[in-house]
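For reference, the structure is listed below as structure tokens.
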Amino acid sequence: MEIMKKKIETLESNEEYAKIYDDSEFEKPSVTADIVIFEMFDSEENNYRKISEKKLKILLIQRGMEPFKDCYALPGGFVRSDETVCEAAGRELQEEANLSCDFLEQFGTYSDPGRDPRRWVITNGFMALINSNHEEIKAGDDASDAKWFDVSFRKVEGEWVLRLTHEEDVICAKLKEVTSQWDVKRKFKTIESDDIAFDHQIIIADAIMQLRKWITETHIAFRLLPEKFTLRELQQIHEAVLDTKLLVPAFRRKVSSLVENTGEMTGDAGHRPAVLYREKQQSKERGYEYNSI
């Protein structure tokens with residue numbers, strides 16, 4: 001009873017203090033949420049006997065107004081006064097791209113005072129993972145178009161090159177790594193950027209590096225697959241994200257404890273039938289523990 005009384009007194013004291021507190025001394029930033037949306041697509045093959053490869057893509061919105069009119073940007077927007085940053089990210093995912101997903105995680109905060117020419121805006125980077133069963137994408141009211149871009153992020157002659165491709169549209173950015181010996185993750189600085197709004201090339205680069213880290217240390221790969229899949233598809237997911245080829249025997253040994261045989265086979269015409277697997281229930285219950293595969 002005494003503890004409850006003290007809590008009430010503290011609350012009342014805080015409310016009284018808030019009424020007289022003058023916060024005009026401090027400039028107030030706006031807050032936004034920007035979402036890097038990843039999805040795996042099957043490449044188109046002219047030979048029906050050839051198994052299609054997986055391609056990692058991200059969704060970009062072409063801005064329909066200033067600033068950065070006609071440039072491509074990540075879906076996102078301002079946080080409202082009655083919602084959390086996470087709630088804003090989920091709302092913007094629906095409003096800006098007509099998408100919803102079960103995996104929406106924050107991975108970074110970006111507060112460079114000059115990142116937005118309109119005002120001081122602090123943004124929060126979120127990663128969304130979408131499987132192939134999503135609804136048709138649709139650009140929001142302040143966008144002129146929305147497209148899925150193939151994504152590549154590689155180190156070339158000492159510089160990191162971000163390359164985003166959609167048919168004839170090619171967007172590139174060059175970044176310099178500025179990671180110190182004390183940093184727990186890689187950090188980048190823009191050298192040059194082509195048709196990417198704000199500092200979204202940095203946010204995209206960070207998201208790719210974070211996804212590469214998570215896919216080797218957690219069970220996140222299953223969020224990019226249907227419920228039933230082949231081991232080849234699971235390996236393709238890892239190879240597409242990591243941008244490298246993996247040895248089949250070694251990969252299958254490492255994932256053997258995470259999957260179980262469904263007893264079903266694929267029925268694709270022109271291909272040898274393959275066993276269908278699913279994520280083990282114990283793996284789902286553990287969630288995203290840091291168990292390296």
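Labels used: A, B, ... for chains in the order of the structure tokens, numbers from 1 for residues in each chain, and numbers from 1 for ligands as shown.
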
(request) Quick one: pick out all strand (DSSP E) residues within segment 103-272 of chain A from a backbone DSSP run and write them as a PyMOL selection string. (result) chain A and resi 103-110+121-130+143-156+159-166+169-177+188-193+259-265

Go ahead and save the picked residues with C-alpha atoms, as an mmCIF file, in the first residue's frame.
```cif
data_model
loop_
_atom_site.group_PDB
_atom_site.id
_atom_site.type_symbol
_atom_site.label_atom_id
_atom_site.label_comp_id
_atom_site.auth_asym_id
_atom_site.auth_seq_id
_atom_site.Cartn_x
_atom_site.Cartn_y
_atom_site.Cartn_z
ATOM 1 C CA PHE A 103 9.029 -9.801 -40.102
ATOM 2 C CA LEU A 104 9.635 -6.079 -39.568
ATOM 3 C CA GLU A 105 12.750 -5.296 -37.534
ATOM 4 C CA GLN A 106 14.583 -2.056 -36.755
ATOM 5 C CA PHE A 107 18.314 -2.156 -37.548
ATOM 6 C CA GLY A 108 19.595 1.434 -37.433
ATOM 7 C CA THR A 109 19.047 5.134 -36.677
ATOM 8 C CA TYR A 110 20.210 7.939 -38.988
ATOM 9 C CA VAL A 121 14.780 14.683 -39.565
ATOM 10 C CA ILE A 122 15.943 11.615 -37.666
ATOM 11 C CA THR A 123 14.968 8.391 -39.391
ATOM 12 C CA ASN A 124 14.843 4.781 -38.218
ATOM 13 C CA GLY A 125 15.778 2.015 -40.633
ATOM 14 C CA PHE A 126 13.541 -1.063 -40.681
ATOM 15 C CA MET A 127 13.941 -4.332 -42.557
ATOM 16 C CA ALA A 128 10.905 -6.174 -43.919
ATOM 17 C CA LEU A 129 11.062 -9.690 -45.370
ATOM 18 C CA ILE A 130 8.311 -10.618 -47.818
ATOM 19 C CA ALA A 143 4.893 8.511 -55.235
ATOM 20 C CA SER A 144 4.774 8.166 -59.021
ATOM 21 C CA ASP A 145 5.860 4.520 -59.221
ATOM 22 C CA ALA A 146 7.026 1.487 -57.235
ATOM 23 C CA LYS A 147 9.428 -1.135 -58.596
ATOM 24 C CA TRP A 148 11.364 -4.207 -57.472
ATOM 25 C CA PHE A 149 15.107 -3.770 -58.087
ATOM 26 C CA ASP A 150 17.794 -6.462 -58.266
ATOM 27 C CA VAL A 151 20.347 -5.553 -55.623
ATOM 28 C CA SER A 152 24.110 -6.014 -55.555
ATOM 29 C CA PHE A 153 26.546 -4.688 -52.954
ATOM 30 C CA ARG A 154 30.188 -5.585 -53.506
ATOM 31 C CA LYS A 155 33.651 -4.277 -52.769
ATOM 32 C CA VAL A 156 35.408 -3.274 -56.002
ATOM 33 C CA GLU A 159 35.245 0.916 -52.804
ATOM 34 C CA TRP A 160 31.848 -0.553 -52.053
ATOM 35 C CA VAL A 161 29.483 -0.390 -55.030
ATOM 36 C CA LEU A 162 25.722 -0.524 -54.588
ATOM 37 C CA ARG A 163 23.976 -1.409 -57.846
ATOM 38 C CA LEU A 164 20.179 -1.483 -58.192
ATOM 39 C CA THR A 165 18.670 -2.729 -61.470
ATOM 40 C CA HIS A 166 15.148 -2.875 -62.886
ATOM 41 C CA ASP A 169 16.765 1.440 -64.939
ATOM 42 C CA VAL A 170 20.192 1.210 -63.292
ATOM 43 C CA ILE A 171 20.976 3.107 -60.089
ATOM 44 C CA CYS A 172 24.471 3.127 -58.602
ATOM 45 C CA ALA A 173 26.179 4.484 -55.515
ATOM 46 C CA LYS A 174 29.804 4.305 -54.374
ATOM 47 C CA LEU A 175 30.506 4.072 -50.659
ATOM 48 C CA LYS A 176 33.631 4.203 -48.547
ATOM 49 C CA GLU A 177 33.981 1.991 -45.502
ATOM 50 C CA PHE A 188 29.884 3.526 -44.655
ATOM 51 C CA LYS A 189 30.154 7.034 -46.062
ATOM 52 C CA THR A 190 28.802 8.131 -49.447
ATOM 53 C CA ILE A 191 31.338 8.950 -52.165
ATOM 54 C CA GLU A 192 28.748 9.460 -54.898
ATOM 55 C CA SER A 193 25.106 8.524 -55.401
ATOM 56 C CA VAL A 259 14.771 -28.832 -41.170
ATOM 57 C CA GLU A 260 12.604 -31.923 -41.369
ATOM 58 C CA ASN A 261 11.438 -34.085 -44.263
ATOM 59 C CA THR A 262 7.736 -33.609 -45.100
ATOM 60 C CA GLY A 263 7.516 -36.909 -46.972
ATOM 61 C CA GLU A 264 6.424 -35.011 -50.076
ATOM 62 C CA MET A 265 8.155 -34.446 -53.411
#
```

So which residues touch Asp70 of chain A within 10 Å, counting only C-alpha atoms, skipping near sequence neighbours fewer than 4 positions away, as an mmCIF file with N, CA, C and O atoms, in the first residue's frame?
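Full text of selection_9.cif as output:
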```cif
data_model
loop_
_atom_site.group_PDB
_atom_site.id
_atom_site.type_symbol
_atom_site.label_atom_id
_atom_site.label_comp_id
_atom_site.auth_asym_id
_atom_site.auth_seq_id
_atom_site.Cartn_x
_atom_site.Cartn_y
_atom_site.Cartn_z
ATOM 1 N N ILE A 61 10.523 3.285 -54.228
ATOM 2 C CA ILE A 61 9.437 4.162 -54.634
ATOM 3 C C ILE A 61 10.016 5.352 -55.384
ATOM 4 O O ILE A 61 10.967 5.984 -54.905
ATOM 5 N N GLN A 62 9.468 5.669 -56.541
ATOM 6 C CA GLN A 62 9.894 6.873 -57.251
ATOM 7 C C GLN A 62 9.095 8.055 -56.723
ATOM 8 O O GLN A 62 7.872 8.062 -56.767
ATOM 9 N N ARG A 63 9.808 9.047 -56.204
ATOM 10 C CA ARG A 63 9.156 10.173 -55.557
ATOM 11 C C ARG A 63 8.423 11.039 -56.573
ATOM 12 O O ARG A 63 8.962 11.374 -57.630
ATOM 13 N N GLY A 64 7.202 11.415 -56.217
ATOM 14 C CA GLY A 64 6.389 12.232 -57.102
ATOM 15 C C GLY A 64 6.410 13.704 -56.766
ATOM 16 O O GLY A 64 5.720 14.498 -57.421
ATOM 17 N N MET A 65 7.170 14.091 -55.743
ATOM 18 C CA MET A 65 7.228 15.495 -55.330
ATOM 19 C C MET A 65 8.596 15.806 -54.746
ATOM 20 O O MET A 65 9.384 14.909 -54.449
ATOM 21 N N GLU A 66 8.867 17.089 -54.573
ATOM 22 C CA GLU A 66 10.113 17.520 -53.949
ATOM 23 C C GLU A 66 10.055 17.250 -52.443
ATOM 24 O O GLU A 66 8.974 17.189 -51.865
ATOM 25 N N ALA A 143 3.922 9.194 -54.385
ATOM 26 C CA ALA A 143 4.893 8.511 -55.235
ATOM 27 C C ALA A 143 4.321 8.355 -56.643
ATOM 28 O O ALA A 143 3.102 8.264 -56.838
ATOM 29 N N SER A 144 5.212 8.331 -57.639
ATOM 30 C CA SER A 144 4.774 8.166 -59.021
ATOM 31 C C SER A 144 4.880 6.730 -59.494
ATOM 32 O O SER A 144 4.250 6.341 -60.476
ATOM 33 N N ASP A 145 5.696 5.909 -58.798
ATOM 34 C CA ASP A 145 5.860 4.520 -59.221
ATOM 35 C C ASP A 145 6.509 3.724 -58.106
ATOM 36 O O ASP A 145 7.120 4.284 -57.192
ATOM 37 N N ASP A 195 20.715 9.222 -58.319
ATOM 38 C CA ASP A 195 19.251 9.125 -58.309
ATOM 39 C C ASP A 195 18.679 8.396 -57.091
ATOM 40 O O ASP A 195 17.609 7.787 -57.175
ATOM 41 N N ILE A 196 19.376 8.433 -55.962
ATOM 42 C CA ILE A 196 18.837 7.871 -54.723
ATOM 43 C C ILE A 196 18.570 9.027 -53.765
ATOM 44 O O ILE A 196 19.440 9.858 -53.512
ATOM 45 N N ALA A 197 17.357 9.093 -53.235
ATOM 46 C CA ALA A 197 16.945 10.225 -52.393
ATOM 47 C C ALA A 197 17.563 10.143 -50.998
ATOM 48 O O ALA A 197 17.892 9.061 -50.492
#
```

(request) Find the residues around segment 231-236 of chain A up to 6 Å (only C-alpha atoms counted), leave out those fewer than 3 positions away in its own chain, and share them as a list in words. (result)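 Close residues of segment 231-236 of chain A: Lys54, Glu239 and Ala240 of chain A.
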
Could those selected residues go to a file with C-alpha atoms, as a tab-separated table (two decimals), in the first residue's frame?
```tsv
chain	number	residue	atom	x	y	z
A	54	LYS	CA	16.96	-16.95	-56.73
A	239	GLU	CA	23.80	-17.70	-51.77
A	240	ALA	CA	21.67	-14.80	-53.03
```

(request) Record the distance separating atom CA of Asp194 of chain A and atom CA of Asp112 of chain A, expressed in Å with one decimal. (result)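 So the two atoms, atom CA of Asp194 of chain A and atom CA of Asp112 of chain A, lie 19.4 Å apart.
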
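The space separating atom CA of Gly267 of chain A from atom CA of His238 of chain A comes to 23.5 Å.
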